[in-house]
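Here is protein_12.cif, consisting of mmCIF, C-alpha atoms:
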data_protein
#
loop_
_atom_site.label_atom_id
_atom_site.label_comp_id
_atom_site.auth_asym_id
_atom_site.auth_seq_id
_atom_site.Cartn_x
_atom_site.Cartn_y
_atom_site.Cartn_z
CA MET A 1 105.20 59.33 13.66
CA SER A 2 106.45 57.30 16.65
CA GLY A 3 105.98 60.30 18.89
CA SER A 4 102.35 60.70 17.79
CA TRP A 5 101.30 57.18 18.84
CA TRP A 6 103.18 57.48 22.12
CA SER A 7 101.28 60.64 23.02
CA SER A 8 97.94 59.28 21.78
CA ALA A 9 94.88 58.91 23.98
CA ALA A 10 94.93 55.09 23.52
CA VAL A 11 98.35 54.84 25.18
CA THR A 12 97.18 57.11 27.99
CA HIS A 13 94.11 54.92 28.57
CA GLY A 14 96.31 51.82 28.67
CA LEU A 15 98.77 53.33 31.13
CA MET A 16 95.87 54.61 33.24
CA ALA A 17 94.32 51.13 33.48
CA LEU A 18 97.65 49.59 34.51
CA PHE A 19 98.18 52.35 37.07
CA ALA A 20 94.71 51.81 38.57
CA MET A 21 95.22 48.04 38.61
CA GLY A 22 97.79 48.48 41.38
CA SER A 23 95.29 50.08 43.75
CA TRP A 24 93.74 46.94 45.29
CA ILE A 25 95.53 44.06 43.59
CA SER A 26 97.56 43.31 46.75
CA VAL A 27 94.59 42.70 49.05
CA ASN A 28 92.64 40.88 46.32
CA SER A 29 95.64 38.60 45.72
CA LEU A 30 95.99 37.80 49.41
CA TRP A 31 92.33 36.82 49.66
CA VAL A 32 92.35 34.48 46.65
CA GLU A 33 95.60 32.83 47.83
CA LEU A 34 94.29 32.15 51.34
CA PRO A 35 93.24 28.53 50.61
CA VAL A 36 96.87 27.75 49.76
CA ILE A 37 98.69 29.55 52.56
CA VAL A 38 96.38 28.63 55.45
CA SER A 39 97.73 25.07 55.31
CA GLU A 40 101.30 26.34 55.56
CA LEU A 41 101.14 29.04 58.24
CA PRO A 42 100.64 28.37 61.98
CA GLU A 43 97.56 30.61 62.23
CA GLY A 44 95.64 28.19 59.98
CA TRP A 45 92.02 29.15 59.27
CA ASN A 46 92.28 32.01 61.77
CA LEU A 47 94.31 33.80 59.09
CA PRO A 48 91.24 35.42 57.40
CA ALA A 49 90.40 37.07 60.73
CA TYR A 50 93.96 38.40 61.01
CA LEU A 51 93.78 39.66 57.43
CA SER A 52 90.51 41.51 58.11
CA VAL A 53 92.00 43.22 61.15
CA LEU A 54 95.17 44.23 59.28
CA ILE A 55 93.11 45.72 56.44
CA ALA A 56 91.12 47.68 59.03
CA PHE A 57 94.38 49.04 60.48
CA GLY A 58 95.38 49.96 56.92
CA ASN A 59 92.83 52.77 57.17
CA LEU A 60 95.42 54.72 59.17
CA GLY A 61 96.76 55.78 55.76
CA PRO A 62 93.53 57.39 54.50
CA ILE A 63 93.02 59.02 57.91
CA ALA A 64 96.50 60.60 57.73
CA VAL A 65 95.91 61.85 54.17
CA THR A 66 92.49 63.28 55.06
CA ILE A 67 93.84 65.07 58.13
CA THR A 68 96.68 66.53 56.03
CA HIS A 69 94.21 67.83 53.42
CA HIS A 70 92.10 69.36 56.20
CA CYS A 71 94.92 70.95 58.19
CA ALA A 72 97.13 71.99 55.27
CA PRO A 73 94.96 72.28 52.14
CA GLY A 74 96.97 72.37 48.94
CA ARG A 75 100.20 71.34 50.65
CA LEU A 76 100.07 67.58 50.04
CA ASN A 77 101.94 66.51 46.92
CA GLU A 78 99.74 63.63 45.73
CA ARG A 79 102.16 62.63 43.00
CA LEU A 80 104.99 62.18 45.51
CA VAL A 81 102.73 60.27 47.92
CA ILE A 82 101.67 57.90 45.13
CA HIS A 83 105.28 57.29 44.11
CA CYS A 84 106.17 56.53 47.75
CA ILE A 85 103.33 54.08 48.41
CA GLN A 86 103.92 52.32 45.09
CA VAL A 87 107.61 51.81 45.88
CA LEU A 88 106.59 50.61 49.34
CA ALA A 89 104.16 48.10 47.79
CA VAL A 90 106.72 46.78 45.30
CA VAL A 91 109.36 46.30 48.02
CA ALA A 92 106.86 44.70 50.44
CA SER A 93 105.61 42.27 47.76
CA ALA A 94 109.19 41.22 46.95
CA PHE A 95 109.91 40.55 50.64
CA LEU A 96 106.56 38.73 50.90
CA ALA A 97 107.51 36.40 48.03
CA VAL A 98 110.78 35.53 49.78
CA PHE A 99 109.77 35.41 53.46
CA TRP A 100 106.02 34.61 53.47
CA SER A 101 106.50 31.13 54.97
CA HIS A 102 109.05 32.16 57.63
CA THR A 103 107.86 32.04 61.24
CA VAL A 104 109.11 33.36 64.58
CA VAL A 105 108.36 32.28 68.14
CA ILE A 106 106.43 34.91 70.15
CA ALA A 107 105.41 34.21 73.76
CA GLY A 108 106.11 30.53 73.26
CA GLU A 109 103.94 30.21 70.14
CA GLU A 110 104.97 30.07 66.51
CA ARG A 111 103.71 33.06 64.49
CA SER A 112 104.04 34.05 60.83
CA LEU A 113 105.26 37.55 61.70
CA PRO A 114 106.89 38.33 58.31
CA PHE A 115 103.68 37.46 56.44
CA LEU A 116 101.52 39.53 58.81
CA LEU A 117 103.94 42.49 58.69
CA PHE A 118 104.12 42.64 54.89
CA THR A 119 100.37 42.08 54.68
CA PHE A 120 99.82 45.15 56.87
CA VAL A 121 102.12 47.24 54.65
CA LEU A 122 100.27 46.14 51.50
CA SER A 123 96.90 46.81 53.19
CA LEU A 124 98.08 50.29 54.17
CA VAL A 125 99.04 50.98 50.55
CA CYS A 126 95.70 49.70 49.18
CA CYS A 127 93.62 51.73 51.62
CA THR A 128 95.68 54.88 51.01
CA SER A 129 95.32 54.49 47.23
CA ASN A 130 91.61 55.37 47.42
CA VAL A 131 92.33 58.86 48.76
CA THR A 132 95.39 59.54 46.56
CA PHE A 133 94.82 57.84 43.20
CA LEU A 134 91.30 59.23 42.74
CA PRO A 135 92.16 62.88 43.58
CA PHE A 136 95.15 62.59 41.22
CA MET A 137 92.69 61.71 38.44
CA PHE A 138 91.38 65.27 38.60
CA ARG A 139 94.32 66.22 36.38
CA TYR A 140 92.75 64.28 33.52
CA PRO A 141 89.48 64.70 31.60
CA PRO A 142 86.41 62.77 32.79
CA GLN A 143 86.72 59.90 30.32
CA TYR A 144 89.91 58.74 32.03
CA ILE A 145 88.16 58.21 35.36
CA ARG A 146 86.18 55.44 33.66
CA THR A 147 89.39 53.84 32.45
CA PHE A 148 90.64 54.11 36.03
CA PHE A 149 87.69 52.07 37.31
CA ILE A 150 88.22 49.50 34.53
CA GLY A 151 91.79 49.12 35.82
CA GLN A 152 90.49 48.68 39.35
CA GLY A 153 88.30 45.87 38.01
CA PHE A 154 91.42 44.20 36.62
CA SER A 155 92.91 44.29 40.14
CA ALA A 156 90.32 41.67 41.11
CA LEU A 157 90.14 39.79 37.81
CA PHE A 158 93.85 39.09 37.21
CA PRO A 159 94.61 37.49 40.63
CA CYS A 160 91.46 35.41 40.31
CA VAL A 161 92.43 34.06 36.87
CA VAL A 162 95.98 33.27 38.04
CA ALA A 163 94.64 31.53 41.16
CA LEU A 164 92.36 29.42 38.96
CA GLY A 165 95.36 28.49 36.81
CA GLN A 166 97.18 27.62 40.01
CA GLY A 167 94.39 25.18 40.86
CA VAL A 168 93.35 26.78 44.16
CA GLY A 169 90.64 24.86 46.01
CA LYS A 170 90.43 21.88 43.65
CA LEU A 171 89.42 18.65 45.36
CA GLU A 172 88.13 15.18 44.66
CA CYS A 173 86.09 12.88 46.86
CA LYS A 174 87.82 9.62 47.82
CA THR A 175 86.53 6.65 49.79
CA VAL A 176 88.78 5.81 52.73
CA ASN A 177 87.80 2.93 55.04
CA GLY A 178 84.23 3.04 53.80
CA THR A 179 83.79 6.81 54.30
CA VAL A 180 83.94 9.49 51.63
CA GLN A 181 86.50 12.20 52.41
CA PRO A 182 87.63 15.30 50.48
CA HIS A 183 91.13 15.13 49.04
CA TYR A 184 92.61 18.50 48.05
CA LEU A 185 94.73 18.38 44.92
CA LYS A 186 98.21 19.87 44.88
CA GLU A 187 98.48 23.29 43.25
CA ASN A 188 100.09 23.65 39.82
CA PHE A 189 102.65 26.11 41.23
CA PRO A 190 103.53 27.24 44.79
CA ALA A 191 102.40 30.35 46.65
CA GLN A 192 105.83 31.91 46.22
CA ASN A 193 105.32 32.05 42.44
CA PHE A 194 101.93 33.67 42.98
CA PHE A 195 103.50 36.37 45.14
CA TRP A 196 106.11 37.01 42.45
CA PHE A 197 103.18 37.53 40.07
CA LEU A 198 101.87 40.12 42.54
CA PHE A 199 105.29 41.80 42.58
CA THR A 200 105.27 41.96 38.75
CA MET A 201 101.79 43.53 38.64
CA LEU A 202 102.69 46.14 41.28
CA ALA A 203 105.91 46.96 39.44
CA ALA A 204 103.96 47.36 36.17
CA SER A 205 101.51 49.69 37.94
CA ALA A 206 104.34 51.79 39.39
CA LEU A 207 106.12 52.01 36.04
CA SER A 208 102.87 53.01 34.33
CA PHE A 209 102.33 55.84 36.77
CA LEU A 210 105.95 56.96 36.37
CA THR A 211 105.46 56.94 32.59
CA LEU A 212 102.26 58.97 32.91
CA THR A 213 104.02 61.63 34.95
CA LYS A 214 107.03 61.70 32.60
CA ARG A 215 104.80 62.04 29.55
CA HIS A 216 103.03 64.88 31.35
CA ALA A 217 106.30 66.61 32.22
CA GLY A 218 107.81 66.04 28.79
CA SER A 219 104.86 67.48 26.88
CA PRO A 220 103.58 71.06 26.68
CA LEU A 221 100.86 70.24 29.18
CA ASP A 222 102.13 72.41 32.00
CA THR A 223 101.13 75.54 30.16
CA PRO A 224 97.80 76.78 31.44
CA PRO A 225 94.93 76.11 29.05
CA GLN A 226 93.48 79.15 27.38
CA GLU A 227 90.09 80.02 28.75
CA THR A 228 87.31 80.29 26.23
CA ASN A 229 83.80 81.50 26.47
CA ASN A 230 82.42 78.00 26.07
CA ALA A 231 84.88 76.24 28.39
CA SER A 232 82.21 75.16 30.79
CA GLU A 233 79.54 74.30 28.22
CA PRO A 234 78.59 70.65 27.78
CA LYS A 235 80.52 68.84 25.09
CA ASN A 236 78.95 65.77 23.48
CA GLY A 237 76.42 65.62 26.30
CA GLU A 238 79.11 65.70 28.98
CA GLU A 239 80.20 68.57 31.19
CA THR A 240 83.78 69.75 30.91
CA HIS A 241 85.74 71.44 33.65
CA PRO A 242 87.34 74.84 33.10
CA LEU A 243 90.74 73.39 33.96
CA HIS A 244 90.54 70.65 31.35
CA ASN A 245 91.93 71.32 27.89
CA GLY A 246 90.49 68.62 25.66
CA GLU A 247 92.44 65.39 26.19
CA MET A 248 95.27 67.04 28.10
CA PRO A 249 95.91 66.77 31.84
CA VAL A 250 96.42 69.99 33.75
CA SER A 251 99.46 71.17 35.65
CA GLU A 252 100.24 70.75 39.36
CA GLY A 253 99.85 74.47 39.99
CA GLN A 254 96.36 74.55 38.52
CA VAL A 255 95.30 71.59 40.67
CA GLN A 256 96.60 73.27 43.82
CA LEU A 257 94.54 76.34 43.00
CA GLU A 258 91.48 74.17 42.48
CA GLU A 259 92.00 72.28 45.76
CA GLN A 260 90.65 75.16 47.79
CA PRO A 261 87.16 76.00 46.47
CA PRO A 262 84.53 77.58 48.70
CA ALA A 263 83.03 74.93 50.98
CA HIS A 264 79.47 75.55 49.82
CA THR A 265 80.29 74.67 46.20
CA PHE A 266 80.64 70.96 47.00
CA TRP A 267 78.32 70.08 49.89
CA THR A 268 75.13 70.12 47.87
CA LEU A 269 72.26 67.68 48.40
CA GLN A 270 73.08 66.01 45.07
CA ASN A 271 76.73 65.40 45.98
CA VAL A 272 75.88 64.10 49.46
CA TYR A 273 73.33 61.77 47.87
CA MET A 274 75.96 60.41 45.46
CA LEU A 275 78.51 59.93 48.25
CA LEU A 276 75.90 58.01 50.25
CA LEU A 277 75.12 55.75 47.27
CA LEU A 278 78.86 55.23 46.78
CA ALA A 279 79.37 54.25 50.42
CA ILE A 280 76.42 51.82 50.30
CA SER A 281 77.61 50.20 47.07
CA ASN A 282 81.14 49.71 48.38
CA ALA A 283 79.88 48.37 51.71
CA LEU A 284 78.01 45.70 49.74
CA THR A 285 80.61 44.92 47.06
CA ASN A 286 83.81 45.20 49.14
CA GLY A 287 82.67 44.20 52.62
CA ILE A 288 79.33 42.48 53.11
CA LEU A 289 78.78 40.16 50.14
CA PRO A 290 82.42 39.00 49.65
CA SER A 291 82.35 37.82 53.29
CA VAL A 292 79.54 35.38 52.48
CA GLN A 293 80.30 34.49 48.86
CA SER A 294 81.55 31.02 49.80
CA PHE A 295 78.40 30.40 51.89
CA SER A 296 76.12 31.44 49.01
CA CYS A 297 77.94 29.42 46.31
CA LEU A 298 79.73 26.37 47.73
CA PRO A 299 76.54 24.42 48.62
CA TYR A 300 75.92 24.28 44.84
CA GLY A 301 79.45 23.00 44.20
CA THR A 302 83.02 24.19 43.76
CA MET A 303 82.49 24.93 40.07
CA THR A 304 79.57 27.23 40.95
CA PHE A 305 81.82 29.14 43.33
CA HIS A 306 84.58 29.50 40.72
CA LEU A 307 82.12 30.61 38.02
CA SER A 308 80.60 33.21 40.35
CA VAL A 309 84.00 34.62 41.26
CA VAL A 310 85.43 34.71 37.73
CA LEU A 311 82.34 35.88 35.84
CA GLY A 312 81.57 38.43 38.56
CA ASN A 313 85.07 39.84 38.24
CA ILE A 314 84.70 39.95 34.47
CA ALA A 315 81.41 41.85 34.86
CA ASN A 316 83.24 44.55 36.84
CA PRO A 317 85.49 45.94 34.03
CA LEU A 318 82.78 45.30 31.42
CA ALA A 319 80.34 47.49 33.36
CA CYS A 320 83.00 50.17 33.67
CA PHE A 321 83.64 49.91 29.92
CA LEU A 322 79.93 50.48 29.29
CA ALA A 323 80.24 53.78 31.14
CA MET A 324 82.70 54.92 28.46
CA PHE A 325 79.68 55.24 26.13
CA PHE A 326 76.76 55.98 28.43
CA VAL A 327 76.73 57.88 31.73
CA MET A 328 73.45 57.94 33.65
CA ARG A 329 73.07 61.41 35.16
CA SER A 330 69.58 61.06 36.62
CA SER A 331 69.47 60.93 40.43
CA SER A 332 66.42 58.68 40.29
CA GLY A 333 68.21 56.44 37.80
CA LEU A 334 71.19 56.08 40.12
CA GLY A 335 68.84 55.28 42.97
CA PHE A 336 67.10 52.64 40.84
CA LEU A 337 70.45 51.00 40.04
CA CYS A 338 71.27 50.87 43.76
CA ILE A 339 67.87 49.34 44.60
CA ALA A 340 68.13 46.80 41.76
CA GLY A 341 71.59 45.78 42.89
CA GLY A 342 70.29 45.60 46.46
CA VAL A 343 67.60 43.10 45.38
CA PHE A 344 70.24 40.71 44.03
CA ALA A 345 72.38 41.36 47.13
CA ALA A 346 69.41 40.39 49.32
CA TYR A 347 68.92 37.15 47.35
CA LEU A 348 72.61 36.23 47.70
CA MET A 349 72.54 37.06 51.42
CA ALA A 350 69.45 34.85 51.83
CA LEU A 351 71.30 31.97 50.15
CA ALA A 352 74.21 32.47 52.57
CA VAL A 353 71.88 32.47 55.59
CA LEU A 354 70.19 29.27 54.35
CA SER A 355 73.55 27.52 53.78
CA PRO A 356 74.24 24.63 53.63
CA CYS A 357 70.70 23.88 52.33
CA PRO A 358 69.69 26.78 50.04
CA PRO A 359 66.70 26.50 47.68
CA LEU A 360 66.99 24.61 44.37
CA LEU A 361 69.97 22.62 45.67
CA GLY A 362 70.85 19.90 43.16
CA ASN A 363 68.88 21.72 40.46
CA PRO A 364 70.69 23.38 37.50
CA ALA A 365 68.30 26.31 37.90
CA GLY A 366 69.74 26.96 41.37
CA VAL A 367 73.28 27.04 39.97
CA ALA A 368 72.25 29.36 37.14
CA LEU A 369 70.42 31.73 39.51
CA VAL A 370 73.31 32.14 41.93
CA VAL A 371 75.89 32.68 39.16
CA ILE A 372 73.67 35.15 37.26
CA SER A 373 72.86 36.97 40.52
CA TRP A 374 76.55 37.47 41.27
CA ILE A 375 77.17 38.73 37.72
CA ILE A 376 74.28 41.23 37.77
CA PHE A 377 74.99 42.33 41.35
CA THR A 378 78.65 43.05 40.53
CA GLY A 379 77.85 44.66 37.18
CA LEU A 380 75.17 47.02 38.50
CA PHE A 381 77.22 48.30 41.40
CA SER A 382 80.39 48.56 39.28
CA TYR A 383 78.53 50.74 36.78
CA LEU A 384 77.02 52.79 39.62
CA LYS A 385 80.46 53.42 41.14
CA VAL A 386 82.11 54.52 37.90
CA VAL A 387 79.19 56.84 37.02
CA ILE A 388 79.31 58.49 40.44
CA GLY A 389 83.08 58.81 40.12
CA THR A 390 82.63 60.51 36.76
CA LEU A 391 80.03 62.95 38.12
CA LEU A 392 82.13 63.77 41.18
CA HIS A 393 85.12 64.33 38.91
CA GLU A 394 83.18 67.21 37.38
CA ALA A 395 82.61 68.67 40.88
CA GLY A 396 86.33 69.26 41.44
CA HIS A 397 89.40 67.93 43.21
CA ALA A 398 87.84 67.94 46.68
CA ALA A 399 84.95 65.86 45.35
CA LEU A 400 87.34 63.13 44.23
CA LEU A 401 89.00 63.15 47.65
CA TRP A 402 85.60 62.62 49.28
CA CYS A 403 84.84 60.00 46.63
CA GLY A 404 87.86 58.02 47.85
CA ILE A 405 86.91 58.56 51.48
CA SER A 406 83.36 57.29 50.83
CA ILE A 407 84.68 54.20 49.05
CA GLN A 408 87.01 53.41 51.92
CA ALA A 409 84.48 54.21 54.65
CA GLY A 410 81.80 52.05 53.04
CA SER A 411 84.21 49.16 52.56
CA LEU A 412 85.39 49.41 56.17
CA VAL A 413 81.87 49.54 57.63
CA GLY A 414 80.82 46.55 55.53
CA ALA A 415 83.83 44.48 56.56
CA LEU A 416 83.54 45.37 60.26
CA THR A 417 79.82 44.55 60.20
CA MET A 418 80.36 41.09 58.76
CA PHE A 419 83.48 40.14 60.72
CA PRO A 420 81.73 39.31 64.02
CA LEU A 421 78.77 37.66 62.24
CA VAL A 422 81.05 35.32 60.29
CA ASN A 423 83.99 34.75 62.64
CA ILE A 424 82.57 35.21 66.17
CA TYR A 425 78.85 34.42 66.17
CA HIS A 426 79.04 31.95 63.25
CA VAL A 427 75.70 33.03 61.80
CA PHE A 428 76.54 31.29 58.51
CA ALA A 429 77.06 27.52 58.28
CA ARG A 430 79.69 26.18 55.90
CA ALA A 431 78.81 23.26 53.62
CA GLN A 432 80.95 20.16 54.13
CA GLU A 433 82.62 18.75 51.02
CA CYS A 434 81.76 15.24 49.82
CA VAL A 435 78.88 15.01 52.30
CA ASP A 436 75.10 15.27 51.90
CA ASN A 437 74.54 18.29 54.15
CA CYS A 438 70.74 18.24 53.93
CA SER A 439 69.83 14.62 54.58
#
What would the structure in this file look like if it were written as structure tokens?
Amino acid sequence: MSGSWWSSAAVTHGLMALFAMGSWISVNSLWVELPVIVSELPEGWNLPAYLSVLIAFGNLGPIAVTITHHCAPGRLNERLVIHCIQVLAVVASAFLAVFWSHTVVIAGEERSLPFLLFTFVLSLVCCTSNVTFLPFMFRYPPQYIRTFFIGQGFSALFPCVVALGQGVGKLECKTVNGTVQPHYLKENFPAQNFFWFLFTMLAASALSFLTLTKRHAGSPLDTPPQETNNASEPKNGEETHPLHNGEMPVSEGQVQLEEQPPAHTFWTLQNVYMLLLLAISNALTNGILPSVQSFSCLPYGTMTFHLSVVLGNIANPLACFLAMFFVMRSSSGLGFLCIAGGVFAAYLMALAVLSPCPPLLGNPAGVALVVISWIIFTGLFSYLKVVIGTLLHEAGHAALLWCGISIQAGSLVGALTMFPLVNIYHVFARAQECVDNCS
């Protein structure tokens, strides 16, 4: 009886979500902890710029994986690569928790070299996960790709909730010598504890993946599934792949055979269209809008900012969960979702441009609009991404590799586009705390 529950689909879904959670939790954790560590490290508020550059350099990992797939198709052992980068992430997070505040003197100036070094390693792991975790998911039936995206949503939600419990960014306005000044409250626990939380989450992700592979190896799943006449017929309204045997993942040998399909079978107009939508959605959700979230929310108050972040991150896994029951397969429907999400993205961008005096400032309707816009924007694009991931899963292993590449490319283009606008040209004006910015 105990063996039956351990091999059940529910346990597999749980392990899959924990495995996927480790994909981007490192970078998400570093971003939410920035308000705490900028006051401790010598780089100060230049640290976000350093972090953006290090994440960009982290794309060396996906480039190396893509080149390997191109030059030696079928030779890359994705399972081994995932084990290696997960171990690397766990070790780097442990060193980060211990040495994050240590500094060294370089060219006569104090620099937080240990923090920057371990941040680069974690960024490399996160970027590489997009082109290794997703292709690995080809071994499992399509419903598990939706669980995977739910887990990726947790990688943003969990650090955010812990940071809120830590009390990041809390302040009160105090009158000093007749002037009102912001006074930042001390956090409930130090940054070191937060980084140990990151270590625990990465270790849980690595152990979940190890358990998935051991369950696979210890079960009769490595035997090739018997082909039937209806193997490729739709089941419950959803296409199944010839390699998939019900709920069971397929063997390594079968995946290696599938890795080398004829080129023309993938590069159809439909698949290119979906990859383009995927790149656009990730450019907006991972690069463009996060860069201006503080500008769009903080003029309405700190609580508005926290609500937008938390509820938006809750909308992410909820939208992915919705895809467990309904997958939109219409190309026009996917396009409509992208346009609808783009409308809310345009509104949020307009608020950021108009900062620190956006419309409806001081009006509860303004607060409600910005929070609801962030929720709908995140939910629409999260659902769009998981649906496209599901459809590309049905197109084969190479499709999932290009799915990861599109996600990473879109995120990179979005981040690089916004970096000079925010940090060099200062297009967006930050609202000052405890001050009437519009008088």
Worksheet entry | Between atom CA of Phe133 of chain A and atom CA of Ile407 of chain A - distance in Å to one decimal | 12.3 Å
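With only C-alpha atoms taken into account, the protein and nucleic acid residues at most 6 Å from segment 184-201 of chain A (excluding it and anything under 6 positions from it in its own chain) are Val90, Ser93, Ala94, Ala97, Gln166, Gly167, Lys170 and Leu171 of chain A.
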Worksheet item: Once the PyMOL selection byres ((chain A and resi 377-392) around 7) has been applied to the shown file, what residues remain in the selection, as a PyMOL selection string?
Response: chain A and resi 142+145-146+149+274+278+281+312+315-316+319-320+323+327-328+334+337-338+341+344-345+373-376+393-396+399-400+403
Discussion item. Take the PyMOL selection byres ((chain A and resi 153-160) around 9), run it mentally on this structure, and tell me the resulting residues as a PyMOL selection string.
Written reply: chain A and resi 17-18+20-26+28-30+32-33+148-152+161-165+194+197-198+309-318+320+382
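Nearest residue to Leu212 of chain A among A:Thr12, A:Thr179, A:Asn77, A:Ser330 is A:Thr12, counting all atoms listed in the file.
One distance worth recording is that between atom CA of His397 of chain A and atom CA of Ala72 of chain A, which is 14.9 Å.
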Discussion item. For the provided coordinates, the residues matched by the PyMOL selection byres ((chain A and resi 421-428) around 12) should be stated as a ChimeraX atom specification.
Written reply: /A:45-50,52-53,287-296,349-358,414-420,429-431
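Taking all atoms listed in the file into account, Pro364 of chain A lies nearest to A:Tyr300 out of the set A:Tyr300, A:Phe99, A:Tyr273, A:Trp402.
For the atom pair formed by atom CA of Phe95 of chain A and atom CA of Phe120 of chain A, the distance is 12.7 Å, given to one decimal.
Proximity of A:Met324, A:Ala206, A:Cys84, A:Leu54 to His13 of chain A, computed with all atoms listed in the file, is greatest for A:Met324.
Proximity to Gln143 of chain A was assessed for A:Ala10, A:Asn130, A:Ile55, A:Arg79 counting all atoms listed in the file; the smallest distance is recorded for A:Ala10.
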Fill in: A:Leu113, A:Leu15, A:Ala368, A:Val121 ranked by distance to Pro42 of chain A, top pick (using all atoms listed in the file)
A:Leu113
Name the residues in contact with segment 409-412 of chain A at a cut-off of 6 Å, using all atoms listed in the file, excluding same-chain residues fewer than 4 positions from it; report them as an mmCIF file with C-alpha atoms, keeping the file's coordinate frame.
data_model
loop_
_atom_site.group_PDB
_atom_site.id
_atom_site.type_symbol
_atom_site.label_atom_id
_atom_site.label_comp_id
_atom_site.auth_asym_id
_atom_site.auth_seq_id
_atom_site.Cartn_x
_atom_site.Cartn_y
_atom_site.Cartn_z
ATOM 1 C CA ALA A 279 79.370 54.250 50.420
ATOM 2 C CA ASN A 282 81.140 49.710 48.380
ATOM 3 C CA ALA A 283 79.880 48.370 51.710
ATOM 4 C CA ASN A 286 83.810 45.200 49.140
ATOM 5 C CA GLY A 287 82.670 44.200 52.620
ATOM 6 C CA ILE A 405 86.910 58.560 51.480
#
Practice prompt. Please provide as a ChimeraX atom specification all residues within 12 Å of Glu110 of chain A, with the sequence filter that same-chain residues fewer than 2 positions apart are discarded (counting only C-alpha atoms).
Written response: /A:41-44,101-108,112-114
Write the residues of the selection above to a file with C-alpha atoms, as a PDB file, in the coordinates of the input.
ATOM      1  CA  LEU A  41     101.140  29.040  58.240  1.00  0.00           C
ATOM      2  CA  PRO A  42     100.640  28.370  61.980  1.00  0.00           C
ATOM      3  CA  GLU A  43      97.560  30.610  62.230  1.00  0.00           C
ATOM      4  CA  GLY A  44      95.640  28.190  59.980  1.00  0.00           C
ATOM      5  CA  SER A 101     106.500  31.130  54.970  1.00  0.00           C
ATOM      6  CA  HIS A 102     109.050  32.160  57.630  1.00  0.00           C
ATOM      7  CA  THR A 103     107.860  32.040  61.240  1.00  0.00           C
ATOM      8  CA  VAL A 104     109.110  33.360  64.580  1.00  0.00           C
ATOM      9  CA  VAL A 105     108.360  32.280  68.140  1.00  0.00           C
ATOM     10  CA  ILE A 106     106.430  34.910  70.150  1.00  0.00           C
ATOM     11  CA  ALA A 107     105.410  34.210  73.760  1.00  0.00           C
ATOM     12  CA  GLY A 108     106.110  30.530  73.260  1.00  0.00           C
ATOM     13  CA  SER A 112     104.040  34.050  60.830  1.00  0.00           C
ATOM     14  CA  LEU A 113     105.260  37.550  61.700  1.00  0.00           C
ATOM     15  CA  PRO A 114     106.890  38.330  58.310  1.00  0.00           C
TER      16      PRO A 114
END
Build an axis-aligned box that encloses every atom of segment 293-296 of chain A listed in the file, pad it by 8 Å on each side, and report its centre and edge lengths in Å to one decimal, as AutoDock Vina command-line options.
--center_x 78.8 --center_y 32.4 --center_z 50.4 --size_x 21.4 --size_y 20.1 --size_z 19.0
Practice prompt. Could you give me, as number ranges by chain, the residues that have an atom at most 7 Å away from the point (81.5, 68.7, 47.0) in the coordinates of the file, using only C-alpha atoms?
Written response: A: 265-268, 271, 395, 398-399
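Minimum distance to Ile63 of chain A across A:Leu80, A:Ile339, A:Leu124, A:Met137 (counting only C-alpha atoms) occurs at A:Leu124.
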